[in-house]
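*Asks:* The file below is target32.pdb, PDB, C-alpha atoms and all ligand atoms:
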```
ATOM      1  CA  MET A  26      85.518  45.228  74.029
ATOM      2  CA  TYR A  27      85.946  43.426  70.716
ATOM      3  CA  GLN A  28      83.126  43.214  68.177
ATOM      4  CA  ALA A  29      82.539  40.427  65.660
ATOM      5  CA  THR A  30      79.842  40.258  63.011
ATOM      6  CA  SER A  31      80.938  37.198  61.024
ATOM      7  CA  VAL A  32      81.425  33.594  62.126
ATOM      8  CA  THR A  33      85.029  33.704  60.889
ATOM      9  CA  GLU A  34      85.880  36.792  62.926
ATOM     10  CA  LEU A  35      84.152  35.428  66.031
ATOM     11  CA  ARG A  36      86.000  32.116  65.771
ATOM     12  CA  GLN A  37      89.361  33.890  65.483
ATOM     13  CA  TYR A  38      88.836  35.600  68.857
ATOM     14  CA  MET A  39      87.589  32.386  70.456
ATOM     15  CA  GLN A  40      90.516  30.346  69.076
ATOM     16  CA  HIS A  41      93.007  32.929  70.321
ATOM     17  CA  TRP A  42      91.572  32.702  73.839
ATOM     18  CA  LYS A  43      91.434  28.911  73.723
ATOM     19  CA  ASP A  44      95.104  28.822  72.638
ATOM     20  CA  HIS A  45      95.932  30.907  75.700
ATOM     21  CA  GLY A  46      94.015  28.558  77.979
ATOM     22  CA  HIS A  47      91.193  31.007  78.740
ATOM     23  CA  SER A  48      87.760  29.641  79.627
ATOM     24  CA  SER A  49      84.704  31.343  78.113
ATOM     25  CA  ALA A  50      81.184  32.228  79.234
ATOM     26  CA  PHE A  51      78.550  32.971  76.590
ATOM     27  CA  ILE A  52      75.394  35.017  77.141
ATOM     28  CA  PRO A  53      73.006  35.045  74.157
ATOM     29  CA  THR A  54      70.590  38.004  74.099
ATOM     30  CA  MET A  55      68.273  39.886  71.777
ATOM     31  CA  GLY A  56      69.630  43.227  73.000
ATOM     32  CA  ASN A  57      67.623  45.968  74.709
ATOM     33  CA  LEU A  58      69.744  45.100  77.715
ATOM     34  CA  HIS A  59      68.733  45.802  81.325
ATOM     35  CA  GLY A  60      69.989  44.899  84.795
ATOM     36  CA  GLY A  61      68.860  41.292  84.395
ATOM     37  CA  HIS A  62      71.102  40.774  81.346
ATOM     38  CA  ILE A  63      74.008  42.499  83.064
ATOM     39  CA  SER A  64      73.691  40.068  85.988
ATOM     40  CA  LEU A  65      74.053  37.190  83.473
ATOM     41  CA  ILE A  66      77.298  38.709  82.151
ATOM     42  CA  GLU A  67      78.568  39.200  85.706
ATOM     43  CA  LYS A  68      77.725  35.603  86.548
ATOM     44  CA  GLY A  69      79.665  34.430  83.488
ATOM     45  CA  GLN A  70      82.604  36.638  84.454
ATOM     46  CA  SER A  71      82.632  35.155  87.963
ATOM     47  CA  LEU A  72      83.012  31.656  86.479
ATOM     48  CA  CYS A  73      85.215  32.128  83.395
ATOM     49  CA  ASP A  74      88.169  34.150  82.088
ATOM     50  CA  ARG A  75      86.317  35.640  79.100
ATOM     51  CA  SER A  76      82.718  36.781  78.593
ATOM     52  CA  ILE A  77      81.016  36.864  75.200
ATOM     53  CA  CYS A  78      77.573  38.354  74.612
ATOM     54  CA  SER A  79      75.592  37.977  71.392
ATOM     55  CA  ILE A  80      72.899  40.393  70.297
ATOM     56  CA  PHE A  81      70.550  39.038  67.641
ATOM     57  CA  VAL A  82      66.825  39.650  67.335
ATOM     58  CA  ASN A  83      66.054  36.134  66.147
ATOM     59  CA  PRO A  84      63.197  36.222  63.591
ATOM     60  CA  MET A  85      62.645  32.466  63.966
ATOM     61  CA  GLN A  86      61.239  32.755  67.498
ATOM     62  CA  PHE A  87      58.602  35.359  66.595
ATOM     63  CA  GLY A  88      55.131  34.199  65.549
ATOM     64  CA  PRO A  89      53.313  35.661  62.527
ATOM     65  CA  ASN A  90      51.325  37.983  64.819
ATOM     66  CA  GLU A  91      54.320  39.058  66.883
ATOM     67  CA  ASP A  92      56.136  42.204  66.039
ATOM     68  CA  TRP A  93      59.689  41.304  65.048
ATOM     69  CA  ASP A  94      59.971  44.602  63.106
ATOM     70  CA  HIS A  95      59.130  46.665  66.161
ATOM     71  CA  TYR A  96      61.193  44.766  68.713
ATOM     72  CA  PRO A  97      63.244  47.508  70.440
ATOM     73  CA  ARG A  98      66.746  47.776  68.991
ATOM     74  CA  THR A  99      69.051  49.845  71.192
ATOM     75  CA  LEU A 100      72.488  48.817  69.970
ATOM     76  CA  ASP A 101      74.486  51.906  71.016
ATOM     77  CA  ARG A 102      73.091  51.776  74.541
ATOM     78  CA  ASP A 103      73.608  47.999  74.728
ATOM     79  CA  ILE A 104      77.241  48.303  73.663
ATOM     80  CA  ALA A 105      77.844  51.068  76.243
ATOM     81  CA  GLN A 106      76.406  48.805  78.967
ATOM     82  CA  LEU A 107      78.526  45.854  77.852
ATOM     83  CA  GLU A 108      81.647  48.069  77.833
ATOM     84  CA  ALA A 109      80.771  49.299  81.326
ATOM     85  CA  VAL A 110      80.427  45.781  82.756
ATOM     86  CA  GLY A 111      83.719  44.706  81.133
ATOM     87  CA  CYS A 112      82.339  42.216  78.607
ATOM     88  CA  ASP A 113      85.218  40.989  76.390
ATOM     89  CA  LEU A 114      83.456  40.407  73.089
ATOM     90  CA  VAL A 115      80.095  41.223  71.554
ATOM     91  CA  TYR A 116      78.929  39.062  68.662
ATOM     92  CA  LEU A 117      76.457  40.741  66.308
ATOM     93  CA  PRO A 118      75.483  38.068  63.782
ATOM     94  CA  THR A 119      73.581  38.937  60.650
ATOM     95  CA  ALA A 120      70.383  37.116  59.667
ATOM     96  CA  SER A 121      71.872  36.428  56.235
ATOM     97  CA  GLU A 122      74.786  34.565  57.784
ATOM     98  CA  LEU A 123      72.722  32.615  60.321
ATOM     99  CA  TYR A 124      69.870  31.854  57.903
ATOM    100  CA  PRO A 125      71.442  32.088  54.423
ATOM    101  CA  ASP A 126      68.589  30.164  52.759
ATOM    102  CA  GLY A 127      65.822  31.806  54.774
ATOM    103  CA  LEU A 128      63.837  30.553  57.745
ATOM    104  CA  ASP A 129      61.856  27.923  55.864
ATOM    105  CA  ARG A 130      64.853  26.034  54.576
ATOM    106  CA  ILE A 131      66.814  25.490  57.767
ATOM    107  CA  SER A 132      66.655  22.374  59.964
ATOM    108  CA  HIS A 133      64.686  22.874  63.166
ATOM    109  CA  VAL A 134      65.465  21.814  66.716
ATOM    110  CA  GLN A 135      62.366  20.519  68.450
ATOM    111  CA  VAL A 136      62.840  19.921  72.162
ATOM    112  CA  THR A 137      60.191  17.384  73.114
ATOM    113  CA  ASP A 138      57.734  17.504  76.017
ATOM    114  CA  LEU A 139      58.856  20.795  77.514
ATOM    115  CA  THR A 140      57.701  23.063  74.741
ATOM    116  CA  ASP A 141      53.978  22.389  74.367
ATOM    117  CA  HIS A 142      52.715  24.089  77.527
ATOM    118  CA  TYR A 143      52.765  27.550  79.070
ATOM    119  CA  GLU A 144      54.750  29.899  76.784
ATOM    120  CA  GLY A 145      54.911  27.175  74.125
ATOM    121  CA  ALA A 146      51.104  27.009  73.997
ATOM    122  CA  HIS A 147      50.799  30.788  73.973
ATOM    123  CA  ARG A 148      53.479  31.178  71.271
ATOM    124  CA  PRO A 149      53.449  28.115  68.955
ATOM    125  CA  GLY A 150      56.857  27.537  67.367
ATOM    126  CA  HIS A 151      58.582  29.952  69.730
ATOM    127  CA  PHE A 152      60.803  27.413  71.483
ATOM    128  CA  THR A 153      61.754  25.755  68.198
ATOM    129  CA  GLY A 154      63.056  29.148  67.099
ATOM    130  CA  VAL A 155      64.878  29.638  70.392
ATOM    131  CA  ALA A 156      66.431  26.148  70.463
ATOM    132  CA  THR A 157      67.495  26.357  66.814
ATOM    133  CA  VAL A 158      69.265  29.686  67.140
ATOM    134  CA  VAL A 159      70.857  28.772  70.481
ATOM    135  CA  LEU A 160      72.205  25.503  69.051
ATOM    136  CA  LYS A 161      73.679  27.453  66.125
ATOM    137  CA  LEU A 162      75.210  30.029  68.452
ATOM    138  CA  PHE A 163      76.687  27.299  70.696
ATOM    139  CA  ASN A 164      78.280  25.661  67.661
ATOM    140  CA  ILE A 165      79.693  28.964  66.447
ATOM    141  CA  VAL A 166      80.955  30.269  69.803
ATOM    142  CA  LYS A 167      81.831  26.904  71.436
ATOM    143  CA  PRO A 168      81.808  28.346  74.959
ATOM    144  CA  ASP A 169      82.601  26.403  78.135
ATOM    145  CA  ILE A 170      79.481  27.681  79.877
ATOM    146  CA  SER A 171      76.386  29.636  78.917
ATOM    147  CA  VAL A 172      74.261  31.638  81.343
ATOM    148  CA  PHE A 173      70.446  31.842  81.085
ATOM    149  CA  GLY A 174      68.116  33.825  83.303
ATOM    150  CA  LYS A 175      65.699  31.779  85.401
ATOM    151  CA  LYS A 176      63.146  34.539  84.840
ATOM    152  CA  ASP A 177      62.374  32.742  81.554
ATOM    153  CA  TYR A 178      62.227  29.453  83.410
ATOM    154  CA  GLN A 179      60.762  27.371  80.618
ATOM    155  CA  GLN A 180      63.428  28.625  78.202
ATOM    156  CA  TYR A 181      66.139  27.769  80.749
ATOM    157  CA  ARG A 182      64.746  24.213  81.024
ATOM    158  CA  VAL A 183      64.307  23.820  77.262
ATOM    159  CA  ILE A 184      67.944  24.791  76.646
ATOM    160  CA  SER A 185      69.168  22.502  79.453
ATOM    161  CA  LYS A 186      67.183  19.609  77.952
ATOM    162  CA  MET A 187      68.549  20.303  74.460
ATOM    163  CA  VAL A 188      72.107  20.258  75.827
ATOM    164  CA  GLU A 189      71.417  16.951  77.581
ATOM    165  CA  ASP A 190      69.608  15.333  74.637
ATOM    166  CA  PHE A 191      72.301  16.262  72.114
ATOM    167  CA  ASN A 192      75.305  15.748  74.456
ATOM    168  CA  LEU A 193      76.453  19.311  73.816
ATOM    169  CA  ASP A 194      79.756  20.201  75.403
ATOM    170  CA  VAL A 195      78.590  23.320  77.230
ATOM    171  CA  GLN A 196      77.482  23.772  80.817
ATOM    172  CA  ILE A 197      74.221  25.663  81.311
ATOM    173  CA  ILE A 198      74.086  27.957  84.318
ATOM    174  CA  GLY A 199      70.745  29.290  85.560
ATOM    175  CA  GLN A 200      70.970  32.752  87.031
ATOM    176  CA  GLU A 201      68.529  33.958  89.684
ATOM    177  CA  THR A 202      66.019  36.618  88.638
ATOM    178  CA  THR A 203      66.917  40.218  89.449
ATOM    179  CA  ARG A 204      64.076  42.169  91.066
ATOM    180  CA  GLU A 205      63.038  45.722  91.725
ATOM    181  CA  ASP A 206      62.721  46.743  95.409
ATOM    182  CA  SER A 207      59.026  45.792  95.300
ATOM    183  CA  GLY A 208      59.924  42.252  94.234
ATOM    184  CA  LEU A 209      58.756  42.790  90.642
ATOM    185  CA  ALA A 210      61.010  40.778  88.300
ATOM    186  CA  THR A 211      63.241  42.999  86.134
ATOM    187  CA  SER A 212      61.980  42.971  82.561
ATOM    188  CA  SER A 213      62.097  45.245  79.547
ATOM    189  CA  ARG A 214      58.275  45.091  79.640
ATOM    190  CA  ASN A 215      58.173  46.903  83.018
ATOM    191  CA  GLN A 216      58.655  50.159  81.126
ATOM    192  CA  TYR A 217      55.097  49.808  79.795
ATOM    193  CA  LEU A 218      53.605  49.883  83.315
ATOM    194  CA  ASP A 219      52.483  53.215  84.800
ATOM    195  CA  ALA A 220      53.285  53.988  88.462
ATOM    196  CA  GLU A 221      50.027  52.508  89.781
ATOM    197  CA  GLN A 222      50.334  49.358  87.694
ATOM    198  CA  LYS A 223      53.928  48.940  88.793
ATOM    199  CA  GLN A 224      52.846  48.960  92.417
ATOM    200  CA  LYS A 225      50.107  46.450  91.657
ATOM    201  CA  ALA A 226      52.471  44.227  89.681
ATOM    202  CA  ALA A 227      54.416  43.474  92.877
ATOM    203  CA  LEU A 228      51.463  41.236  93.859
ATOM    204  CA  ILE A 229      52.710  38.554  91.465
ATOM    205  CA  TYR A 230      55.883  37.890  93.448
ATOM    206  CA  GLN A 231      54.062  38.276  96.764
ATOM    207  CA  LEU A 232      51.663  35.505  95.753
ATOM    208  CA  LEU A 233      54.517  33.325  94.528
ATOM    209  CA  GLN A 234      56.259  33.735  97.879
ATOM    210  CA  GLN A 235      53.087  33.117  99.900
ATOM    211  CA  THR A 236      52.255  29.984  97.922
ATOM    212  CA  ALA A 237      55.844  28.701  98.161
ATOM    213  CA  GLN A 238      55.736  29.207 101.936
ATOM    214  CA  GLN A 239      52.534  27.165 102.184
ATOM    215  CA  VAL A 240      54.095  24.322 100.175
ATOM    216  CA  ASP A 241      57.231  24.543 102.286
ATOM    217  CA  LYS A 242      55.104  24.213 105.433
ATOM    218  CA  GLY A 243      53.607  20.982 104.085
ATOM    219  CA  GLU A 244      50.466  22.015 102.178
ATOM    220  CA  ARG A 245      50.013  19.603  99.256
ATOM    221  CA  ASP A 246      46.586  20.660  98.007
ATOM    222  CA  PHE A 247      48.088  22.315  94.931
ATOM    223  CA  THR A 248      44.673  22.795  93.297
ATOM    224  CA  MET A 249      43.472  24.854  96.260
ATOM    225  CA  LEU A 250      46.694  26.905  96.395
ATOM    226  CA  ARG A 251      46.465  27.604  92.682
ATOM    227  CA  GLN A 252      42.795  28.560  92.931
ATOM    228  CA  ARG A 253      43.493  30.945  95.798
ATOM    229  CA  ALA A 254      46.279  32.688  93.872
ATOM    230  CA  LEU A 255      44.129  32.939  90.736
ATOM    231  CA  GLU A 256      41.334  34.576  92.746
ATOM    232  CA  ASN A 257      43.772  37.090  94.245
ATOM    233  CA  LEU A 258      45.118  37.985  90.826
ATOM    234  CA  ASP A 259      41.636  38.227  89.395
ATOM    235  CA  GLU A 260      40.444  40.547  92.195
ATOM    236  CA  ALA A 261      43.448  42.805  91.630
ATOM    237  CA  GLY A 262      42.559  43.155  87.923
ATOM    238  CA  PHE A 263      45.071  40.765  86.346
ATOM    239  CA  LYS A 264      44.163  38.472  83.467
ATOM    240  CA  THR A 265      46.068  35.305  84.322
ATOM    241  CA  ASP A 266      47.231  32.892  81.601
ATOM    242  CA  TYR A 267      48.535  30.337  84.079
ATOM    243  CA  PHE A 268      49.593  29.895  87.675
ATOM    244  CA  CYS A 269      50.951  26.342  87.924
ATOM    245  CA  ILE A 270      52.787  24.432  90.585
ATOM    246  CA  CYS A 271      55.100  22.147  88.613
ATOM    247  CA  ASN A 272      57.900  19.638  88.823
ATOM    248  CA  ALA A 273      60.938  21.884  88.266
ATOM    249  CA  GLU A 274      62.552  19.606  85.697
ATOM    250  CA  THR A 275      59.678  18.224  83.640
ATOM    251  CA  LEU A 276      57.379  21.232  84.172
ATOM    252  CA  LEU A 277      54.483  18.757  84.519
ATOM    253  CA  SER A 278      51.943  19.461  87.270
ATOM    254  CA  ALA A 279      53.595  18.692  90.585
ATOM    255  CA  THR A 280      52.710  15.565  92.536
ATOM    256  CA  PRO A 281      52.866  15.471  96.364
ATOM    257  CA  GLU A 282      56.020  13.297  96.052
ATOM    258  CA  ASP A 283      58.019  15.857  94.022
ATOM    259  CA  ARG A 284      60.889  17.526  95.860
ATOM    260  CA  ASP A 285      62.051  20.160  93.357
ATOM    261  CA  LEU A 286      59.167  22.379  92.365
ATOM    262  CA  VAL A 287      58.649  25.605  90.513
ATOM    263  CA  ILE A 288      55.580  27.810  90.379
ATOM    264  CA  LEU A 289      55.174  29.393  86.954
ATOM    265  CA  VAL A 290      52.918  32.395  86.479
ATOM    266  CA  THR A 291      52.023  34.662  83.598
ATOM    267  CA  ALA A 292      49.489  37.429  84.096
ATOM    268  CA  THR A 293      48.567  40.498  82.090
ATOM    269  CA  LEU A 294      48.050  43.887  83.672
ATOM    270  CA  GLY A 295      46.592  46.478  81.302
ATOM    271  CA  GLN A 296      48.421  45.643  78.072
ATOM    272  CA  THR A 297      51.536  44.241  79.733
ATOM    273  CA  ARG A 298      52.104  40.491  80.006
ATOM    274  CA  LEU A 299      54.269  39.709  83.043
ATOM    275  CA  LEU A 300      56.128  36.433  83.661
ATOM    276  CA  ASP A 301      57.580  35.239  86.915
ATOM    277  CA  ASN A 302      58.303  32.082  88.887
ATOM    278  CA  ILE A 303      59.697  30.791  92.164
ATOM    279  CA  GLU A 304      61.604  27.581  92.827
ATOM    280  CA  ILE A 305      60.873  25.440  95.891
ATOM    281  CA  SER A 306      63.287  22.824  97.181
ATOM    282  CA  LEU A 307      61.788  20.367  99.655
ATOM    283  CA  TRP A 308      64.928  18.324 100.351
TER     284      TRP A 308
HETATM  285  O1  LIG B   1      66.078  35.043  75.946
HETATM  286  C1  LIG B   1      66.357  35.583  74.848
HETATM  287  O2  LIG B   1      66.650  36.777  74.765
HETATM  288  C2  LIG B   1      66.301  34.755  73.571
HETATM  289  O3  LIG B   1      65.272  33.833  73.596
HETATM  290  C3  LIG B   1      67.644  34.071  73.229
HETATM  291  C4  LIG B   1      68.022  33.030  74.277
HETATM  292  C5  LIG B   1      68.739  35.095  73.112
HETATM  293  C6  LIG B   1      67.544  33.331  71.886
HETATM  294  O4  LIG B   1      67.272  34.220  70.855
END
```
Represent the supplied structure as C-alpha cells.
Ligand code: PAF
*Replies:*
Amino acid sequence: MYQATSVTELRQYMQHWKDHGHSSAFIPTMGNLHGGHISLIEKGQSLCDRSICSIFVNPMQFGPNEDWDHYPRTLDRDIAQLEAVGCDLVYLPTASELYPDGLDRISHVQVTDLTDHYEGAHRPGHFTGVATVVLKLFNIVKPDISVFGKKDYQQYRVISKMVEDFNLDVQIIGQETTREDSGLATSSRNQYLDAEQKQKAALIYQLLQQTAQQVDKGERDFTMLRQRALENLDEAGFKTDYFCICNAETLLSATPEDRDLVILVTATLGQTRLLDNIEISLW
C-alpha cells in the first residue's frame, strides 16, 4: 500500500492511475478503523480498480466541548488493517496543509436544510466542518466514487446534497451498516459498553425493525409509533435524543404520502451515545 502525506504526492499517484485508465474509489475516515470502515473499502474495491482511504482527525468538525485532543489515534493498527484488506493508497494529510491559515480563515461549506436537526442540533457547526473537509478531500483526490456508511445517515445525506448542489463530479455510494450478531450497529463507541449494556443496546435495532414492519404493514400514525418506541427505550434505561420517522431524502418528518422513509434514532446508554437508523421503501 502506498502512503501520501502531501497533496502533491497524493496527486502523483492519482494521476498515474488515471493515465492508466484506472477508476478510483475514495473512503474518507478519521481512523480508529473497525469492521464498518473495512466494509466501505471493500465496497469501493468492488466498484473501482483502485481504493484510496484518507485518515484525518478533522478539527473543524469538533465543537469547543468535544475532545479533539483525545480522539483515539491508532495509526499503526489502521495501516495494518488497510494493508490486510488490500487498500491501494492511504492519504494522511496534515492539518497545516489542509488549513494553512487556521480554521477561522478558511471558507466554509454550509449545506442548507439538512444540517439543523438531529446531529446538527446536538453538535452545532459539526456538518459545516464535515462538508468543508470532504469538499477539500474530493478536490484533492478527485475520485470517481466515494463510499459513506449509512450508519451516519445524516452525514451521508449531507454529502450527497453537497455533491448535487455543487455539481461535483463524484458519485456517492451509501453502504449498508455492518452489525454485530445481536443487531447492534458496529461503532467504535461499542467498546465503551459493558457486557450487560451491550446486550441491552440490541434493543435499538429491534425497535427500528419493529417500527419499520408496522409502517410496512400500513400503519401511518407515526406519532403513536414514535411514542411507543420512546417508551420502550425509556423503560429499558436509555436517554433518547430523538426517534424520528422521516422522509429519507429531506429528513423532514415523514408524511403518510412519502414512499422512501428512514427512522433515525440516537439514544444514550450509561455514558455511551448510540446512533442507528433503518430505511423503509414503500414502493
Ligand atoms: O465519518 C467520518 O469519519 C468523518 O465525518 C469524515 C467523513 C471522514 C469527515 O471528516
*Asks:* For region 284-297 of chain A, find every residue with an atom within 6 Å (counting all atoms listed in the file), except residues of its own chain fewer than 2 positions away, and show them as an MDAnalysis selection string.
*Replies:* chainID A and resid 263:273 299:307
*Asks:* Which is closer to ligand LIG 1 (chain B) than all the others in A:Thr280, A:Ser171, A:Gln224, A:Asn215, using all atoms listed in the file?
*Replies:* A:Ser171
*Asks:* Show me which residues sit within 8 Å of ligand LIG 1 (chain B) when counting all atoms listed in the file, and put them as an mmCIF file with C-alpha atoms, in the frame of the given file.
*Replies:*
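Final file, pocket01.cif:
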```
data_model
loop_
_atom_site.group_PDB
_atom_site.id
_atom_site.type_symbol
_atom_site.label_atom_id
_atom_site.label_comp_id
_atom_site.auth_asym_id
_atom_site.auth_seq_id
_atom_site.Cartn_x
_atom_site.Cartn_y
_atom_site.Cartn_z
ATOM 1 C CA ILE A 52 75.394 35.017 77.141
ATOM 2 C CA PRO A 53 73.006 35.045 74.157
ATOM 3 C CA THR A 54 70.590 38.004 74.099
ATOM 4 C CA MET A 55 68.273 39.886 71.777
ATOM 5 C CA GLY A 56 69.630 43.227 73.000
ATOM 6 C CA SER A 79 75.592 37.977 71.392
ATOM 7 C CA ILE A 80 72.899 40.393 70.297
ATOM 8 C CA PHE A 81 70.550 39.038 67.641
ATOM 9 C CA VAL A 82 66.825 39.650 67.335
ATOM 10 C CA ASN A 83 66.054 36.134 66.147
ATOM 11 C CA GLN A 86 61.239 32.755 67.498
ATOM 12 C CA GLY A 154 63.056 29.148 67.099
ATOM 13 C CA VAL A 155 64.878 29.638 70.392
ATOM 14 C CA ALA A 156 66.431 26.148 70.463
ATOM 15 C CA VAL A 158 69.265 29.686 67.140
ATOM 16 C CA VAL A 159 70.857 28.772 70.481
ATOM 17 C CA PHE A 173 70.446 31.842 81.085
ATOM 18 C CA GLY A 174 68.116 33.825 83.303
ATOM 19 C CA ASP A 177 62.374 32.742 81.554
ATOM 20 C CA GLN A 180 63.428 28.625 78.202
#
```
*Asks:* Taking all atoms listed in the file into account, which of A:Gln234, A:Gln135, A:Ser49, A:Gln222 comes nearest Ile66 (chain A)?
*Replies:*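 Using all atoms listed in the file, Ile66 (chain A) sits closest to A:Ser49.
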*Asks:* Could you tell me which residues the PyMOL selection byres (((chain A and resi 120) around 12) and not hetatm) grabs in this file, written as a list in words?
*Replies:*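 For this structure, the PyMOL selection byres (((chain A and resi 120) around 12) and not hetatm) resolves to Thr30, Ser31, Val32, Ile80, Phe81, Val82, Asn83, Pro84, Met85, Leu117, Pro118, Thr119, Ser121, Glu122, Leu123, Tyr124, Pro125, Asp126, Gly127, Leu128 and Val158 of chain A.
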*Asks:* Could you tell me how far CA of Val115 (chain A) lies from CA of Tyr181 (chain A), in Å and to one decimal?
*Replies:* 21.5 Å
*Asks:* Specify as a list in words each residue included when the PyMOL selection byres (((chain A and resi 35) around 10) and not hetatm) is applied to this file.
*Replies:* Tyr27, Gln28, Ala29, Thr30, Ser31, Val32, Thr33, Glu34, Arg36, Gln37, Tyr38, Met39, Gln40, Ile77, Leu114, Val115, Tyr116, Leu117, Pro118, Ile165 and Val166 of chain A
*Asks:* Exactly which residues make up the result of the PyMOL selection byres (((chain A and resi 179) around 9) and not hetatm) on this file, given as JSON, numbers by chain?
*Replies:* {"A": [139, 140, 143, 144, 145, 175, 176, 177, 178, 180, 181, 182, 183, 184, 276, 289]}
*Asks:* Excluding Ala227 (chain A) and its own-chain neighbours fewer than 6 positions away, which residues fall within 6 Å of it when counting only C-alpha atoms? Please give them as a PDB file with C-alpha atoms, in the coordinates of the input.
*Replies:*
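What landed in selection00.pdb:
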```pdb
ATOM      1  CA  SER A 207      59.026  45.792  95.300  1.00  0.00           C
ATOM      2  CA  GLY A 208      59.924  42.252  94.234  1.00  0.00           C
ATOM      3  CA  LEU A 209      58.756  42.790  90.642  1.00  0.00           C
TER       4      LEU A 209
END
```
*Asks:* With 12 Å as the cut-off and only C-alpha atoms counted, what is the closest atom pair between each nearby residue of region 155-222 of chain A and region 87-105 of chain A? Distances in Å to one decimal, ordered by chain and number, as JSON lines.
*Replies:*
```
{"residue": "A:Val155", "atom": "CA", "partner": "A:Phe87", "partner_atom": "CA", "distance": 9.3}
{"residue": "A:Ser213", "atom": "CA", "partner": "A:Pro97", "partner_atom": "CA", "distance": 9.5}
{"residue": "A:Arg214", "atom": "CA", "partner": "A:Pro97", "partner_atom": "CA", "distance": 10.7}
{"residue": "A:Gln216", "atom": "CA", "partner": "A:Pro97", "partner_atom": "CA", "distance": 11.9}
```
*Asks:* Mind giving me the straight-line distance from CA of Gln231 (chain A) to CA of Arg204 (chain A) in Å, one decimal?
*Replies:*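 These atoms are spaced 12.2 Å apart.
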*Asks:* Please return as a count of residues only every residue within 12 Å of (48.9, 19.5, 99.9), taking into account all atoms listed in the file and the file's own coordinates.
*Replies:* 21
*Asks:* Which residue, A:Gln238, A:His59, A:Asn164, A:Ala254, has the smallest gap to Glu205 (chain A) when you use all atoms listed in the file?
*Replies:*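 Of A:Gln238, A:His59, A:Asn164, A:Ala254, the one nearest Glu205 (chain A) is A:His59, counting all atoms listed in the file.
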*Asks:* How many Å lie between CA of Gln196 (chain A) and CA of Arg75 (chain A), rounded to one decimal?
*Replies:*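 CA of Arg75 (chain A) lies 14.9 Å from CA of Gln196 (chain A).
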*Asks:* Give me the box for region 216-222 of chain A as JSON, namely the centre and edge lengths in Å to one decimal of a box along x, y and z that holds every listed atom plus 4 Å on each side.
*Replies:*
```
{"center_x": 54.3, "center_y": 51.7, "center_z": 84.8, "size_x": 16.6, "size_y": 12.6, "size_z": 18.0}
```
*Asks:* Restore all heavy atoms in region 209-213 of chain A and list the result as a PDB file, in the frame of the given file.
*Replies:*
```pdb
ATOM      1  N   LEU A 209      59.101  42.974  92.060  1.00  0.00           N
ATOM      2  CA  LEU A 209      58.756  42.790  90.642  1.00  0.00           C
ATOM      3  C   LEU A 209      60.006  42.360  89.856  1.00  0.00           C
ATOM      4  O   LEU A 209      61.069  42.986  89.981  1.00  0.00           O
ATOM      5  CB  LEU A 209      58.210  44.122  90.089  1.00  0.00           C
ATOM      6  CG  LEU A 209      57.908  44.161  88.593  1.00  0.00           C
ATOM      7  CD1 LEU A 209      56.777  43.201  88.225  1.00  0.00           C
ATOM      8  CD2 LEU A 209      57.540  45.590  88.158  1.00  0.00           C
ATOM      9  N   ALA A 210      59.870  41.280  89.078  1.00  0.00           N
ATOM     10  CA  ALA A 210      61.010  40.778  88.300  1.00  0.00           C
ATOM     11  C   ALA A 210      61.425  41.812  87.261  1.00  0.00           C
ATOM     12  O   ALA A 210      60.569  42.383  86.568  1.00  0.00           O
ATOM     13  CB  ALA A 210      60.622  39.474  87.620  1.00  0.00           C
ATOM     14  N   THR A 211      62.738  42.045  87.138  1.00  0.00           N
ATOM     15  CA  THR A 211      63.241  42.999  86.134  1.00  0.00           C
ATOM     16  C   THR A 211      62.903  42.474  84.737  1.00  0.00           C
ATOM     17  O   THR A 211      63.144  41.318  84.424  1.00  0.00           O
ATOM     18  CB  THR A 211      64.777  43.128  86.246  1.00  0.00           C
ATOM     19  OG1 THR A 211      65.107  43.364  87.603  1.00  0.00           O
ATOM     20  CG2 THR A 211      65.304  44.253  85.385  1.00  0.00           C
ATOM     21  N   SER A 212      62.338  43.354  83.929  1.00  0.00           N
ATOM     22  CA  SER A 212      61.980  42.971  82.561  1.00  0.00           C
ATOM     23  C   SER A 212      61.892  44.225  81.713  1.00  0.00           C
ATOM     24  O   SER A 212      61.525  45.298  82.216  1.00  0.00           O
ATOM     25  CB  SER A 212      60.611  42.278  82.577  1.00  0.00           C
ATOM     26  OG  SER A 212      60.070  42.251  81.277  1.00  0.00           O
ATOM     27  N   SER A 213      62.215  44.080  80.434  1.00  0.00           N
ATOM     28  CA  SER A 213      62.097  45.245  79.547  1.00  0.00           C
ATOM     29  C   SER A 213      60.626  45.673  79.439  1.00  0.00           C
ATOM     30  O   SER A 213      60.325  46.819  79.132  1.00  0.00           O
ATOM     31  CB  SER A 213      62.687  44.951  78.177  1.00  0.00           C
ATOM     32  OG  SER A 213      62.289  43.685  77.756  1.00  0.00           O
TER      33      SER A 213
END
```
